[in-house]
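K.L.:
TSV, C-alpha atoms, saved as upload-v9.tsv, coming up:
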chain	number	residue	atom	x	y	z
A	24	MET	CA	-37.14	35.78	-7.98
A	25	LYS	CA	-39.52	33.52	-9.89
A	26	LYS	CA	-39.83	29.78	-9.59
A	27	PHE	CA	-38.39	27.90	-12.59
A	28	GLU	CA	-41.18	27.06	-15.05
A	29	THR	CA	-39.59	23.72	-15.93
A	30	LYS	CA	-37.64	21.71	-13.40
A	31	ILE	CA	-33.88	22.13	-13.26
A	32	TRP	CA	-32.58	18.60	-12.79
A	33	LEU	CA	-29.49	17.38	-11.03
A	34	SER	CA	-28.34	15.51	-14.15
A	35	SER	CA	-30.83	14.22	-16.70
A	36	PRO	CA	-30.35	12.49	-20.08
A	37	THR	CA	-29.54	14.72	-23.06
A	38	MET	CA	-30.48	13.21	-26.42
A	39	HIS	CA	-29.11	14.29	-29.80
A	40	GLY	CA	-30.96	12.29	-32.48
A	41	GLU	CA	-28.45	9.64	-33.49
A	42	GLU	CA	-29.74	7.48	-30.64
A	43	LEU	CA	-33.12	7.11	-32.32
A	44	LYS	CA	-31.48	6.14	-35.60
A	45	PHE	CA	-29.66	3.19	-34.04
A	46	MET	CA	-32.67	2.16	-31.93
A	47	THR	CA	-34.79	2.20	-35.09
A	48	GLU	CA	-32.25	0.02	-36.87
A	49	ALA	CA	-32.53	-2.52	-34.05
A	50	TYR	CA	-36.33	-2.43	-34.42
A	51	GLU	CA	-36.40	-2.65	-38.20
A	52	THR	CA	-33.89	-5.50	-38.36
A	53	ASN	CA	-35.65	-7.26	-35.44
A	54	TRP	CA	-32.44	-7.47	-33.37
A	55	MET	CA	-34.21	-6.39	-30.18
A	56	SER	CA	-32.62	-8.68	-27.60
A	57	THR	CA	-29.06	-9.26	-26.38
A	58	VAL	CA	-27.35	-9.79	-29.76
A	59	GLY	CA	-26.81	-7.26	-32.53
A	60	GLU	CA	-24.62	-4.72	-34.27
A	61	ASN	CA	-25.23	-1.98	-31.68
A	62	ILE	CA	-23.81	-4.15	-28.92
A	63	ASN	CA	-20.74	-5.02	-30.96
A	64	GLU	CA	-20.19	-1.37	-31.85
A	65	VAL	CA	-20.51	0.04	-28.32
A	66	GLU	CA	-18.10	-2.56	-26.98
A	67	GLN	CA	-15.57	-1.51	-29.61
A	68	MET	CA	-16.24	2.20	-29.02
A	69	THR	CA	-15.71	1.72	-25.30
A	70	CYS	CA	-12.36	0.01	-25.84
A	71	GLU	CA	-11.25	2.82	-28.15
A	72	GLN	CA	-12.43	5.58	-25.79
A	73	ILE	CA	-11.00	4.13	-22.60
A	74	GLY	CA	-8.00	2.20	-23.87
A	75	CYS	CA	-8.87	-1.20	-22.44
A	76	GLY	CA	-8.45	-4.53	-24.20
A	77	TYR	CA	-12.00	-5.82	-23.83
A	78	ALA	CA	-15.41	-4.40	-22.90
A	79	VAL	CA	-18.52	-6.48	-22.23
A	80	ALA	CA	-21.89	-4.71	-22.53
A	81	LEU	CA	-24.16	-5.47	-19.57
A	82	SER	CA	-27.54	-4.41	-18.26
A	83	SER	CA	-26.17	-1.99	-15.64
A	84	GLY	CA	-23.04	-0.71	-13.97
A	85	THR	CA	-24.01	-2.77	-10.93
A	86	ALA	CA	-24.07	-5.93	-13.06
A	87	ALA	CA	-20.61	-5.02	-14.35
A	88	LEU	CA	-19.33	-4.59	-10.79
A	89	HIS	CA	-20.90	-7.91	-9.79
A	90	MET	CA	-19.12	-9.67	-12.64
A	91	ALA	CA	-15.86	-7.94	-11.70
A	92	VAL	CA	-16.21	-9.16	-8.11
A	93	ARG	CA	-16.95	-12.71	-9.25
A	94	LEU	CA	-13.94	-12.69	-11.58
A	95	ALA	CA	-11.68	-11.45	-8.80
A	96	GLY	CA	-13.05	-13.93	-6.29
A	97	GLU	CA	-12.54	-16.93	-8.54
A	98	ARG	CA	-9.05	-15.74	-9.49
A	99	LEU	CA	-8.08	-15.34	-5.83
A	100	TYR	CA	-9.91	-18.19	-4.12
A	101	GLY	CA	-10.87	-20.69	-6.81
A	102	TYR	CA	-14.22	-21.79	-8.18
A	103	PRO	CA	-16.93	-21.21	-5.51
A	104	ARG	CA	-18.96	-23.99	-4.00
A	105	GLN	CA	-22.63	-23.98	-5.03
A	106	GLY	CA	-24.48	-21.15	-3.27
A	107	LYS	CA	-21.41	-19.90	-1.39
A	108	GLY	CA	-20.28	-17.05	-3.65
A	109	ALA	CA	-16.83	-16.37	-5.05
A	110	LEU	CA	-15.68	-14.49	-1.93
A	111	CYS	CA	-17.24	-16.85	0.63
A	112	GLY	CA	-16.52	-15.02	3.90
A	113	HIS	CA	-13.39	-13.16	2.77
A	114	ARG	CA	-12.98	-9.49	3.70
A	115	VAL	CA	-12.77	-6.87	0.93
A	116	PHE	CA	-11.59	-3.26	1.32
A	117	CYS	CA	-14.16	-0.88	-0.19
A	118	SER	CA	-14.63	2.85	-0.73
A	119	ASP	CA	-16.74	4.24	2.09
A	120	MET	CA	-18.23	7.42	0.61
A	121	THR	CA	-19.99	6.09	-2.47
A	122	PHE	CA	-23.32	4.77	-3.73
A	123	ASP	CA	-24.09	1.35	-2.30
A	124	ALA	CA	-23.91	-0.25	-5.77
A	125	THR	CA	-20.12	-0.09	-5.34
A	126	VAL	CA	-20.33	-2.33	-2.29
A	127	ASN	CA	-23.39	-4.57	-2.68
A	128	PRO	CA	-21.79	-6.92	-5.26
A	129	VAL	CA	-19.18	-7.87	-2.66
A	130	VAL	CA	-22.04	-9.11	-0.48
A	131	TYR	CA	-23.72	-10.84	-3.44
A	132	GLU	CA	-20.60	-13.02	-3.64
A	133	GLY	CA	-20.43	-13.72	0.09
A	134	GLY	CA	-17.73	-11.17	0.94
A	135	ILE	CA	-17.46	-8.90	3.98
A	136	PRO	CA	-16.97	-5.21	3.11
A	137	VAL	CA	-14.40	-3.34	5.19
A	138	PHE	CA	-14.76	0.39	4.62
A	139	ILE	CA	-11.88	2.77	3.93
A	140	ASP	CA	-12.43	6.45	4.69
A	141	THR	CA	-12.28	9.29	2.19
A	142	GLU	CA	-9.50	11.88	1.92
A	143	TYR	CA	-10.21	15.60	1.50
A	144	ASP	CA	-8.06	16.19	-1.62
A	145	THR	CA	-10.31	14.29	-4.05
A	146	TRP	CA	-13.12	12.89	-1.83
A	147	ASN	CA	-11.98	9.38	-2.76
A	148	MET	CA	-10.44	6.40	-0.95
A	149	ASP	CA	-7.62	7.44	1.39
A	150	PRO	CA	-4.43	5.46	0.54
A	151	GLN	CA	-3.06	5.93	4.07
A	152	ALA	CA	-6.26	4.58	5.63
A	153	LEU	CA	-6.04	1.67	3.18
A	154	GLU	CA	-2.52	0.92	4.39
A	155	GLN	CA	-3.78	0.95	8.00
A	156	ALA	CA	-6.48	-1.54	7.03
A	157	PHE	CA	-3.91	-3.90	5.49
A	158	ARG	CA	-1.90	-3.80	8.73
A	159	GLN	CA	-5.02	-4.94	10.60
A	160	TYR	CA	-6.14	-7.47	7.96
A	161	PRO	CA	-3.00	-8.54	6.03
A	162	GLN	CA	-4.83	-11.51	4.51
A	163	VAL	CA	-7.14	-9.30	2.39
A	164	ARG	CA	-6.50	-9.62	-1.35
A	165	LEU	CA	-9.15	-7.42	-2.97
A	166	VAL	CA	-9.83	-3.66	-3.02
A	167	VAL	CA	-12.89	-1.99	-4.59
A	168	MET	CA	-12.52	1.77	-5.09
A	169	ALA	CA	-14.78	4.36	-6.74
A	170	HIS	CA	-13.97	7.64	-8.48
A	171	LEU	CA	-16.51	9.97	-6.90
A	172	TYR	CA	-18.54	12.47	-8.95
A	173	GLY	CA	-16.20	12.07	-11.93
A	174	VAL	CA	-12.99	12.99	-10.04
A	175	PRO	CA	-10.16	10.42	-10.22
A	176	GLY	CA	-8.88	9.16	-6.89
A	177	LYS	CA	-5.21	8.92	-5.90
A	178	ILE	CA	-4.88	5.88	-8.08
A	179	ASP	CA	-1.07	5.65	-8.16
A	180	GLU	CA	-0.94	5.57	-4.36
A	181	ILE	CA	-3.82	3.08	-4.18
A	182	LEU	CA	-2.10	0.80	-6.69
A	183	GLU	CA	1.19	1.01	-4.82
A	184	VAL	CA	-0.53	-0.16	-1.63
A	185	CYS	CA	-2.35	-2.95	-3.50
A	186	HIS	CA	0.83	-4.20	-5.17
A	187	ARG	CA	2.75	-4.18	-1.91
A	188	HIS	CA	0.09	-6.40	-0.34
A	189	ASP	CA	-0.48	-8.59	-3.42
A	190	ALA	CA	-4.10	-7.42	-3.77
A	191	LEU	CA	-6.27	-7.07	-6.86
A	192	LEU	CA	-8.04	-3.78	-7.60
A	193	ILE	CA	-11.58	-3.35	-8.92
A	194	GLU	CA	-12.12	0.16	-10.22
A	195	ASP	CA	-15.66	1.55	-10.04
A	196	ALA	CA	-15.53	4.15	-12.81
A	197	ALA	CA	-19.33	4.36	-13.10
A	198	GLU	CA	-19.27	8.13	-12.51
A	199	SER	CA	-15.98	8.94	-14.24
A	200	LEU	CA	-16.26	7.92	-17.91
A	201	GLY	CA	-13.97	10.26	-19.84
A	202	ALA	CA	-11.97	11.36	-16.80
A	203	SER	CA	-8.23	10.78	-16.79
A	204	TYR	CA	-5.34	10.43	-14.36
A	205	GLN	CA	-1.89	11.35	-15.66
A	206	GLY	CA	-3.26	11.18	-19.19
A	207	ARG	CA	-4.75	7.71	-18.77
A	208	GLN	CA	-8.48	7.09	-18.65
A	209	THR	CA	-10.12	5.87	-15.46
A	210	GLY	CA	-11.29	2.30	-15.89
A	211	THR	CA	-7.87	1.13	-17.11
A	212	PHE	CA	-6.06	0.95	-13.76
A	213	GLY	CA	-8.01	-1.86	-12.12
A	214	ASP	CA	-7.55	-5.56	-12.73
A	215	TYR	CA	-11.26	-5.34	-13.56
A	216	SER	CA	-13.31	-2.16	-13.92
A	217	ALA	CA	-16.87	-1.02	-14.52
A	218	ILE	CA	-18.61	1.98	-16.09
A	219	SER	CA	-22.28	2.95	-16.11
A	220	PHE	CA	-24.72	4.32	-18.69
A	221	ASN	CA	-27.51	4.99	-16.19
A	222	GLY	CA	-29.90	7.83	-17.05
A	223	ASN	CA	-28.05	10.44	-14.98
A	224	LYS	CA	-24.50	9.66	-16.17
A	225	ILE	CA	-22.24	11.72	-18.45
A	226	ILE	CA	-23.62	9.76	-21.42
A	227	THR	CA	-26.50	7.34	-21.11
A	228	GLY	CA	-28.29	4.36	-22.57
A	229	SER	CA	-31.19	4.92	-20.12
A	230	ALA	CA	-29.56	1.91	-18.44
A	231	GLY	CA	-26.58	-0.31	-19.08
A	232	GLY	CA	-22.95	-0.70	-18.09
A	233	MET	CA	-19.64	-2.22	-19.18
A	234	LEU	CA	-17.20	-4.66	-17.65
A	235	LEU	CA	-13.66	-3.58	-18.63
A	236	THR	CA	-10.60	-5.82	-18.65
A	237	ASP	CA	-7.38	-6.51	-20.53
A	238	ARG	CA	-7.83	-10.28	-20.06
A	239	LYS	CA	-9.61	-12.07	-22.92
A	240	GLU	CA	-10.38	-15.04	-20.70
A	241	ALA	CA	-12.16	-12.75	-18.23
A	242	ALA	CA	-14.22	-11.08	-20.98
A	243	ASP	CA	-15.24	-14.47	-22.38
A	244	LYS	CA	-16.30	-15.66	-18.93
A	245	VAL	CA	-18.47	-12.59	-18.39
A	246	ARG	CA	-20.12	-12.95	-21.80
A	247	LYS	CA	-21.02	-16.51	-20.81
A	248	TRP	CA	-22.13	-15.76	-17.22
A	249	SER	CA	-24.23	-12.78	-18.34
A	250	THR	CA	-26.29	-14.98	-20.69
A	251	GLN	CA	-27.24	-17.54	-18.00
A	252	ALA	CA	-23.93	-19.43	-18.37
A	253	ARG	CA	-25.23	-21.58	-21.22
A	254	GLU	CA	-22.77	-24.23	-22.41
A	255	ASN	CA	-21.96	-24.90	-26.04
A	256	ALA	CA	-24.46	-27.71	-26.51
A	257	PRO	CA	-27.48	-28.28	-28.79
A	258	TRP	CA	-29.76	-27.97	-25.74
A	259	TYR	CA	-29.76	-25.67	-22.71
A	260	GLN	CA	-26.86	-27.06	-20.71
A	261	HIS	CA	-25.76	-25.34	-17.47
A	262	GLU	CA	-22.67	-26.28	-15.45
A	263	GLU	CA	-22.23	-23.08	-13.41
A	264	LEU	CA	-24.34	-20.22	-12.08
A	265	GLY	CA	-25.38	-17.64	-14.66
A	266	TYR	CA	-27.21	-14.32	-14.82
A	267	ASN	CA	-29.50	-12.39	-17.16
A	268	TYR	CA	-27.10	-9.45	-17.35
A	269	ARG	CA	-26.43	-8.80	-21.06
A	270	MET	CA	-27.22	-5.38	-22.51
A	271	SER	CA	-30.02	-5.29	-25.08
A	272	ASN	CA	-29.33	-4.20	-28.63
A	273	VAL	CA	-31.91	-1.39	-28.21
A	274	ILE	CA	-30.17	0.15	-25.19
A	275	ALA	CA	-26.85	-0.30	-26.97
A	276	GLY	CA	-28.30	1.80	-29.78
A	277	VAL	CA	-28.84	4.68	-27.36
A	278	VAL	CA	-25.27	4.38	-26.04
A	279	ARG	CA	-23.94	4.18	-29.61
A	280	GLY	CA	-25.65	7.46	-30.44
A	281	GLN	CA	-24.37	9.11	-27.26
A	282	TYR	CA	-20.67	8.26	-27.53
A	283	PRO	CA	-19.86	10.90	-30.19
A	284	HIS	CA	-21.10	13.54	-27.73
A	285	LEU	CA	-19.01	12.49	-24.73
A	286	LYS	CA	-16.41	15.28	-25.11
A	287	GLU	CA	-19.18	17.80	-25.69
A	288	HIS	CA	-20.96	16.73	-22.50
A	289	ILE	CA	-17.72	16.91	-20.50
A	290	ALA	CA	-17.05	20.45	-21.80
A	291	LEU	CA	-20.54	21.57	-20.81
A	292	LYS	CA	-20.20	19.98	-17.36
A	293	LYS	CA	-16.84	21.71	-16.90
A	294	ALA	CA	-18.38	25.08	-17.79
A	295	ILE	CA	-21.08	24.51	-15.16
A	296	TYR	CA	-18.45	23.68	-12.54
A	297	GLU	CA	-16.41	26.78	-13.37
A	298	ARG	CA	-19.45	29.09	-13.29
A	299	TYR	CA	-20.30	27.81	-9.83
A	300	GLN	CA	-16.70	28.24	-8.74
A	301	GLU	CA	-16.71	31.86	-9.92
A	302	GLY	CA	-20.19	32.55	-8.57
A	303	PHE	CA	-19.29	31.32	-5.08
A	304	ARG	CA	-15.86	32.99	-4.86
A	305	ASP	CA	-17.08	35.37	-2.13
A	306	LEU	CA	-18.84	32.66	-0.09
A	307	PRO	CA	-17.28	30.42	2.61
A	308	VAL	CA	-17.55	27.31	0.41
A	309	MET	CA	-15.36	25.20	-1.86
A	310	MET	CA	-16.20	23.07	-4.87
A	311	ASN	CA	-15.49	19.34	-4.96
A	312	PRO	CA	-11.70	19.28	-5.33
A	313	PHE	CA	-9.24	17.58	-7.68
A	314	ASP	CA	-5.51	17.67	-8.34
A	315	ALA	CA	-5.10	19.64	-11.57
A	316	ASP	CA	-1.49	18.43	-11.93
A	317	THR	CA	-2.51	14.77	-12.22
A	318	SER	CA	-6.22	14.63	-13.03
A	319	GLU	CA	-8.76	15.82	-15.54
A	320	PRO	CA	-12.26	15.07	-14.16
A	321	ASN	CA	-15.34	14.66	-16.30
A	322	TYR	CA	-17.14	17.12	-13.96
A	323	TRP	CA	-20.19	14.84	-13.81
A	324	LEU	CA	-21.64	16.56	-10.75
A	325	SER	CA	-20.70	19.95	-9.32
A	326	CYS	CA	-20.68	19.75	-5.54
A	327	MET	CA	-19.96	22.27	-2.80
A	328	LEU	CA	-18.65	22.03	0.76
A	329	ILE	CA	-19.54	24.68	3.36
A	330	GLU	CA	-16.76	25.84	5.65
A	331	PRO	CA	-17.26	24.60	9.25
A	332	ASP	CA	-17.59	28.12	10.71
A	333	ALA	CA	-20.29	28.96	8.14
A	334	MET	CA	-22.52	25.99	9.03
A	335	CYS	CA	-25.76	26.65	10.84
A	336	ARG	CA	-26.99	23.94	13.18
A	337	GLN	CA	-28.14	20.82	11.32
A	338	VAL	CA	-29.05	17.35	12.53
A	339	ARG	CA	-30.08	14.31	10.51
A	340	SER	CA	-31.90	11.17	11.57
A	341	GLU	CA	-32.17	8.11	9.34
A	342	HIS	CA	-34.99	9.70	7.31
A	343	GLU	CA	-35.30	13.37	8.26
A	344	ALA	CA	-33.19	16.49	8.70
A	345	LEU	CA	-33.64	19.59	10.85
A	346	TYR	CA	-31.72	22.85	10.91
A	347	ARG	CA	-31.81	26.25	12.62
A	348	SER	CA	-31.37	29.17	10.23
A	349	GLU	CA	-28.69	31.70	11.20
A	350	LYS	CA	-27.73	35.02	9.59
A	351	GLY	CA	-24.56	34.62	7.53
A	352	LYS	CA	-24.65	30.84	7.82
A	353	THR	CA	-26.43	27.95	6.12
A	354	CYS	CA	-26.31	24.16	5.75
A	355	PRO	CA	-26.98	21.58	3.04
A	356	THR	CA	-30.54	20.96	4.22
A	357	GLU	CA	-31.45	24.65	4.00
A	358	ILE	CA	-29.92	25.03	0.53
A	359	LEU	CA	-31.59	21.86	-0.79
A	360	GLU	CA	-34.96	23.02	0.52
A	361	ALA	CA	-34.45	26.44	-1.07
A	362	LEU	CA	-33.56	24.87	-4.42
A	363	ALA	CA	-36.61	22.60	-4.26
A	364	ALA	CA	-38.83	25.62	-3.52
A	365	TYR	CA	-37.71	27.12	-6.85
A	366	ASN	CA	-38.22	23.83	-8.72
A	367	ALA	CA	-34.55	22.83	-8.88
A	368	GLU	CA	-33.04	19.50	-7.86
A	369	GLY	CA	-29.99	19.15	-5.63
A	370	ARG	CA	-28.89	16.13	-3.63
A	371	PRO	CA	-27.00	15.37	-0.44
A	372	ILE	CA	-23.50	13.97	-0.79
A	373	TRP	CA	-23.42	10.15	-0.75
A	374	LYS	CA	-23.98	9.02	2.82
A	375	PRO	CA	-20.90	6.95	3.76
A	376	MET	CA	-21.40	3.21	3.87
A	377	HIS	CA	-20.22	2.83	7.48
A	378	MET	CA	-23.11	5.13	8.49
A	379	GLN	CA	-25.71	3.03	6.65
A	380	PRO	CA	-27.87	0.76	8.87
A	381	ILE	CA	-27.17	-2.25	6.65
A	382	TYR	CA	-23.37	-1.89	7.05
A	383	ARG	CA	-23.07	-0.12	10.39
A	384	ASN	CA	-21.39	-3.07	12.11
A	385	ASN	CA	-18.76	-3.58	9.39
A	386	PRO	CA	-15.13	-2.56	10.09
A	387	PHE	CA	-14.16	1.00	9.15
A	388	PHE	CA	-10.69	2.58	8.86
A	389	THR	CA	-10.06	6.32	8.99
A	390	ARG	CA	-7.01	8.57	9.16
A	391	GLU	CA	-8.52	12.07	9.36
A	392	GLY	CA	-11.26	11.67	11.96
A	393	ASP	CA	-14.01	10.37	9.65
A	394	ALA	CA	-13.61	12.66	6.65
A	395	GLY	CA	-16.51	11.03	4.80
A	396	MET	CA	-18.98	11.78	7.59
A	397	ASP	CA	-17.77	15.39	7.67
A	398	ILE	CA	-18.14	15.86	3.91
A	399	PHE	CA	-21.60	14.27	4.04
A	400	HIS	CA	-22.56	16.67	6.85
A	401	ARG	CA	-21.29	19.84	5.12
A	402	GLY	CA	-21.61	19.05	1.42
A	403	LEU	CA	-24.26	18.87	-1.30
A	404	CYS	CA	-24.60	18.21	-5.03
A	405	LEU	CA	-25.76	21.20	-7.07
A	406	PRO	CA	-27.93	21.15	-10.19
A	407	SER	CA	-25.51	20.03	-12.92
A	408	ASP	CA	-27.75	19.37	-15.91
A	409	ILE	CA	-26.15	20.36	-19.21
A	410	LYS	CA	-29.50	21.62	-20.52
A	411	MET	CA	-29.53	24.26	-17.75
A	412	THR	CA	-29.01	27.73	-19.26
A	413	GLU	CA	-26.45	30.21	-17.96
A	414	ALA	CA	-29.31	32.43	-16.77
A	415	GLN	CA	-30.84	29.53	-14.86
A	416	GLN	CA	-27.49	28.70	-13.29
A	417	GLU	CA	-27.06	32.34	-12.25
A	418	GLN	CA	-30.40	32.06	-10.45
A	419	ILE	CA	-29.20	28.88	-8.70
A	420	ILE	CA	-26.12	30.79	-7.56
A	421	GLU	CA	-28.34	33.61	-6.29
A	422	ILE	CA	-30.49	31.14	-4.36
A	423	VAL	CA	-27.39	29.80	-2.60
A	424	HIS	CA	-26.23	33.35	-1.80
A	425	ASN	CA	-29.63	34.12	-0.30
A	426	CYS	CA	-29.34	31.14	2.03
A	427	PHE	CA	-26.23	32.74	3.56
A	428	ASP	CA	-27.90	36.16	3.74
A	429	SER	CA	-31.21	35.10	5.26
Take the structure in this file and express it as structure tokens.
P.N.:
Amino acid sequence: MKKFETKIWLSSPTMHGEELKFMTEAYETNWMSTVGENINEVEQMTCEQIGCGYAVALSSGTAALHMAVRLAGERLYGYPRQGKGALCGHRVFCSDMTFDATVNPVVYEGGIPVFIDTEYDTWNMDPQALEQAFRQYPQVRLVVMAHLYGVPGKIDEILEVCHRHDALLIEDAAESLGASYQGRQTGTFGDYSAISFNGNKIITGSAGGMLLTDRKEAADKVRKWSTQARENAPWYQHEELGYNYRMSNVIAGVVRGQYPHLKEHIALKKAIYERYQEGFRDLPVMMNPFDADTSEPNYWLSCMLIEPDAMCRQVRSEHEALYRSEKGKTCPTEILEALAAYNAEGRPIWKPMHMQPIYRNNPFFTREGDAGMDIFHRGLCLPSDIKMTEAQQEQIIEIVHNCFDS
């Protein structure tokens, strides 16, 4: 089996041509900064795609989450004192198995993340563990949950818990643009929500994100805050803390050219997921799960989980991993090394936040014996790039098979 001549990526940008047209328009009209037609258009396109009232184009998904956290903090606790942050020592319940960009904005605003374990059905926040956390900390009024790898979480159950405890919900839909739950797009369930156009997402702007809300007042606040909170005065007047978070008209041009291809990208990602599912049917593994009765993922990343009895010995330190190869068994480290040897990119599952050195002392609530740590130990993300050919994917499948046979 030959090494791939060109690298097979986990998930890289796929351009179609319209992006360059809109970027060129920004260049030729000299609207290169944070004002212009592309920005206006992508905000409108986002509202139409997702079904939200307002969308504010920002420099990243993280910036959108930060603005969502600030909005929620001010709504719950009032205008923050200078330098204290909108959460100012208040605890916030957060998804545990996610990228740290979901959680860091809580800390930016002075909050204390409390981590809620994952459940095995969707790999998202466990509603029962969330309920346990509210029993321990009944004063908490904010929940931040992510939809992992493009699979919607148990959002109805999460919302029911939030409503019962009078808590706001921030929905991190950075990975799930185009995914739906009971026919409704992710990003419309939270009081405030965020999506991402990072280079590896289902569609991209190379960077960029969106704050989503149905509250005009909230959208207006974020437009102001994201342009350094300038007041309506003939000089630069500042009465509150602001940020340089607005999306540029050039990046918005890329997003504008990508949006018409969202359904196409989702269909290609779904085909990749289904080919893996078929190719691994005789192996002791499962693909990242979802409830087909309630959810339609966007299949952003195809991931696999090795059955416990099929795991060879594997240990991980903070920066390294070791394993002992066994006939008929394998582990994520062995598979990832094998993929890399053939010039293909896989990734470990997100390391849960309660296992991260920066957050190791934060509270953590689990119902199923630390499901997130188990999925991290046994799972991995497979090459999911839509430019990967079927023949290349068949070779990826063969590489995985060989890891079990070696």
K.L.:
Between A:Ala256, A:Ala275, A:Val184, A:Val423, which one has atoms that come closest to Leu306 in chain A, using only C-alpha atoms?
P.N.:
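Distance minimum relative to Leu306 in chain A lands on A:Val423.
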K.L.:
Please list as a ChimeraX atom specification every residue within 12 Å of range 64-74 of chain A, counting all atoms listed in the file and excluding residues in the same chain fewer than 6 positions away.
P.N.:
/A:45,58,80-81,196,199-204,206-212,216-220,226-228,231-237,242,246,269-286
K.L.:
Determine the nearest neighbour of Phe138 in chain A from the options A:Gly369, A:Gly402, A:Pro375, A:Gly392, counting all atoms listed in the file.
P.N.:
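Counting all atoms listed in the file, the residue closest to Phe138 in chain A is A:Pro375.
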K.L.:
Could you please determine the separation between CA of Ala294 in chain A and CA of Ile372 in chain A in Å, to one decimal place?
P.N.:
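Going from CA of Ala294 in chain A over to CA of Ile372 in chain A covers 20.9 Å.
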K.L.:
Fewer than 3 positions away in the same chain doesn't count, so skip those; otherwise give me all residues within 12 Å of Pro371 in chain A, counting all atoms listed in the file, as a PyMOL selection string.
P.N.:
chain A and resi 33+120-122+324-328+339+344+354-360+368+374-375+396+398-406
K.L.:
Hey, can you check how far CA of Ile135 in chain A sits from CA of Gly108 in chain A?
P.N.:
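Taking CA of Ile135 in chain A as the start and CA of Gly108 in chain A as the end point, the length is 11.5 Å.
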K.L.:
When you draw a straight line from CA of Leu345 in chain A to CA of Pro331 in chain A, how long is it in Å?
P.N.:
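Calculated distance between CA of Leu345 in chain A and CA of Pro331 in chain A is 17.2 Å.
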K.L.:
Ranking A:Arg304, A:Lys410, A:Arg370, A:Arg238 by minimum distance to His288 in chain A and counting all atoms listed in the file, which one comes first?
P.N.:
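Ranking A:Arg304, A:Lys410, A:Arg370, A:Arg238 by distance to His288 in chain A, first place goes to A:Lys410.
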K.L.:
Measuring atom to atom with only C-alpha atoms, identify which of A:Asn221, A:Gln379, A:Asn311, A:Asn366 is nearest to Asn147 in chain A.
P.N.:
A:Asn311
K.L.:
Considering all atoms listed in the file, state which residue in the set A:Thr317, A:Ser229, A:Thr85, A:Ser34 is at the smallest distance from Ile178 in chain A.
P.N.:
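Closest to Ile178 in chain A of all the choices is A:Thr317.
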K.L.:
Excluding same-chain residues fewer than 5 positions from Thr145 in chain A, what lies within 12 Å of it counting only C-alpha atoms, as a PyMOL selection string?
P.N.:
chain A and resi 120+140+150+169-178+310-315+317-320+326+394-395+398
K.L.:
Would you mind exporting C-alpha atoms of the selected residues as a PDB file, in the frame of the given file?
P.N.:
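Contents of again.pdb, freshly written:
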ATOM      1  CA  MET A 120     -18.230   7.420   0.610  1.00  0.00           C
ATOM      2  CA  ASP A 140     -12.430   6.450   4.690  1.00  0.00           C
ATOM      3  CA  PRO A 150      -4.430   5.460   0.540  1.00  0.00           C
ATOM      4  CA  ALA A 169     -14.780   4.360  -6.740  1.00  0.00           C
ATOM      5  CA  HIS A 170     -13.970   7.640  -8.480  1.00  0.00           C
ATOM      6  CA  LEU A 171     -16.510   9.970  -6.900  1.00  0.00           C
ATOM      7  CA  TYR A 172     -18.540  12.470  -8.950  1.00  0.00           C
ATOM      8  CA  GLY A 173     -16.200  12.070 -11.930  1.00  0.00           C
ATOM      9  CA  VAL A 174     -12.990  12.990 -10.040  1.00  0.00           C
ATOM     10  CA  PRO A 175     -10.160  10.420 -10.220  1.00  0.00           C
ATOM     11  CA  GLY A 176      -8.880   9.160  -6.890  1.00  0.00           C
ATOM     12  CA  LYS A 177      -5.210   8.920  -5.900  1.00  0.00           C
ATOM     13  CA  ILE A 178      -4.880   5.880  -8.080  1.00  0.00           C
ATOM     14  CA  MET A 310     -16.200  23.070  -4.870  1.00  0.00           C
ATOM     15  CA  ASN A 311     -15.490  19.340  -4.960  1.00  0.00           C
ATOM     16  CA  PRO A 312     -11.700  19.280  -5.330  1.00  0.00           C
ATOM     17  CA  PHE A 313      -9.240  17.580  -7.680  1.00  0.00           C
ATOM     18  CA  ASP A 314      -5.510  17.670  -8.340  1.00  0.00           C
ATOM     19  CA  ALA A 315      -5.100  19.640 -11.570  1.00  0.00           C
ATOM     20  CA  THR A 317      -2.510  14.770 -12.220  1.00  0.00           C
ATOM     21  CA  SER A 318      -6.220  14.630 -13.030  1.00  0.00           C
ATOM     22  CA  GLU A 319      -8.760  15.820 -15.540  1.00  0.00           C
ATOM     23  CA  PRO A 320     -12.260  15.070 -14.160  1.00  0.00           C
ATOM     24  CA  CYS A 326     -20.680  19.750  -5.540  1.00  0.00           C
ATOM     25  CA  ALA A 394     -13.610  12.660   6.650  1.00  0.00           C
ATOM     26  CA  GLY A 395     -16.510  11.030   4.800  1.00  0.00           C
ATOM     27  CA  ILE A 398     -18.140  15.860   3.910  1.00  0.00           C
TER      28      ILE A 398
END
K.L.:
Identify which of the residues A:Ile420, A:Ala78, A:Ala414, A:Met168 lies closest to Leu192 in chain A, counting all atoms listed in the file when measuring atom-to-atom distances.
P.N.:
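For Leu192 in chain A, the nearest of the candidates is A:Met168.
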K.L.:
Can you list, as a VMD selection string, every protein, DNA or RNA residue that comes within 10 Å of Gly112 in chain A when you count all atoms listed in the file, leaving out same-chain residues fewer than 3 positions away?
P.N.:
chain A and resid 107 to 109 115 130 132 to 136
K.L.:
Next, dump the selected residues to file, keeping only C-alpha atoms, as a short mmCIF file (atom, residue, chain, number, x, y, z; two decimals), in the coordinates of the input.
P.N.:
data_model
loop_
_atom_site.label_atom_id
_atom_site.label_comp_id
_atom_site.auth_asym_id
_atom_site.auth_seq_id
_atom_site.Cartn_x
_atom_site.Cartn_y
_atom_site.Cartn_z
CA LYS A 107 -21.41 -19.90 -1.39
CA GLY A 108 -20.28 -17.05 -3.65
CA ALA A 109 -16.83 -16.37 -5.05
CA VAL A 115 -12.77 -6.87 0.93
CA VAL A 130 -22.04 -9.11 -0.48
CA GLU A 132 -20.60 -13.02 -3.64
CA GLY A 133 -20.43 -13.72 0.09
CA GLY A 134 -17.73 -11.17 0.94
CA ILE A 135 -17.46 -8.90 3.98
CA PRO A 136 -16.97 -5.21 3.11
#
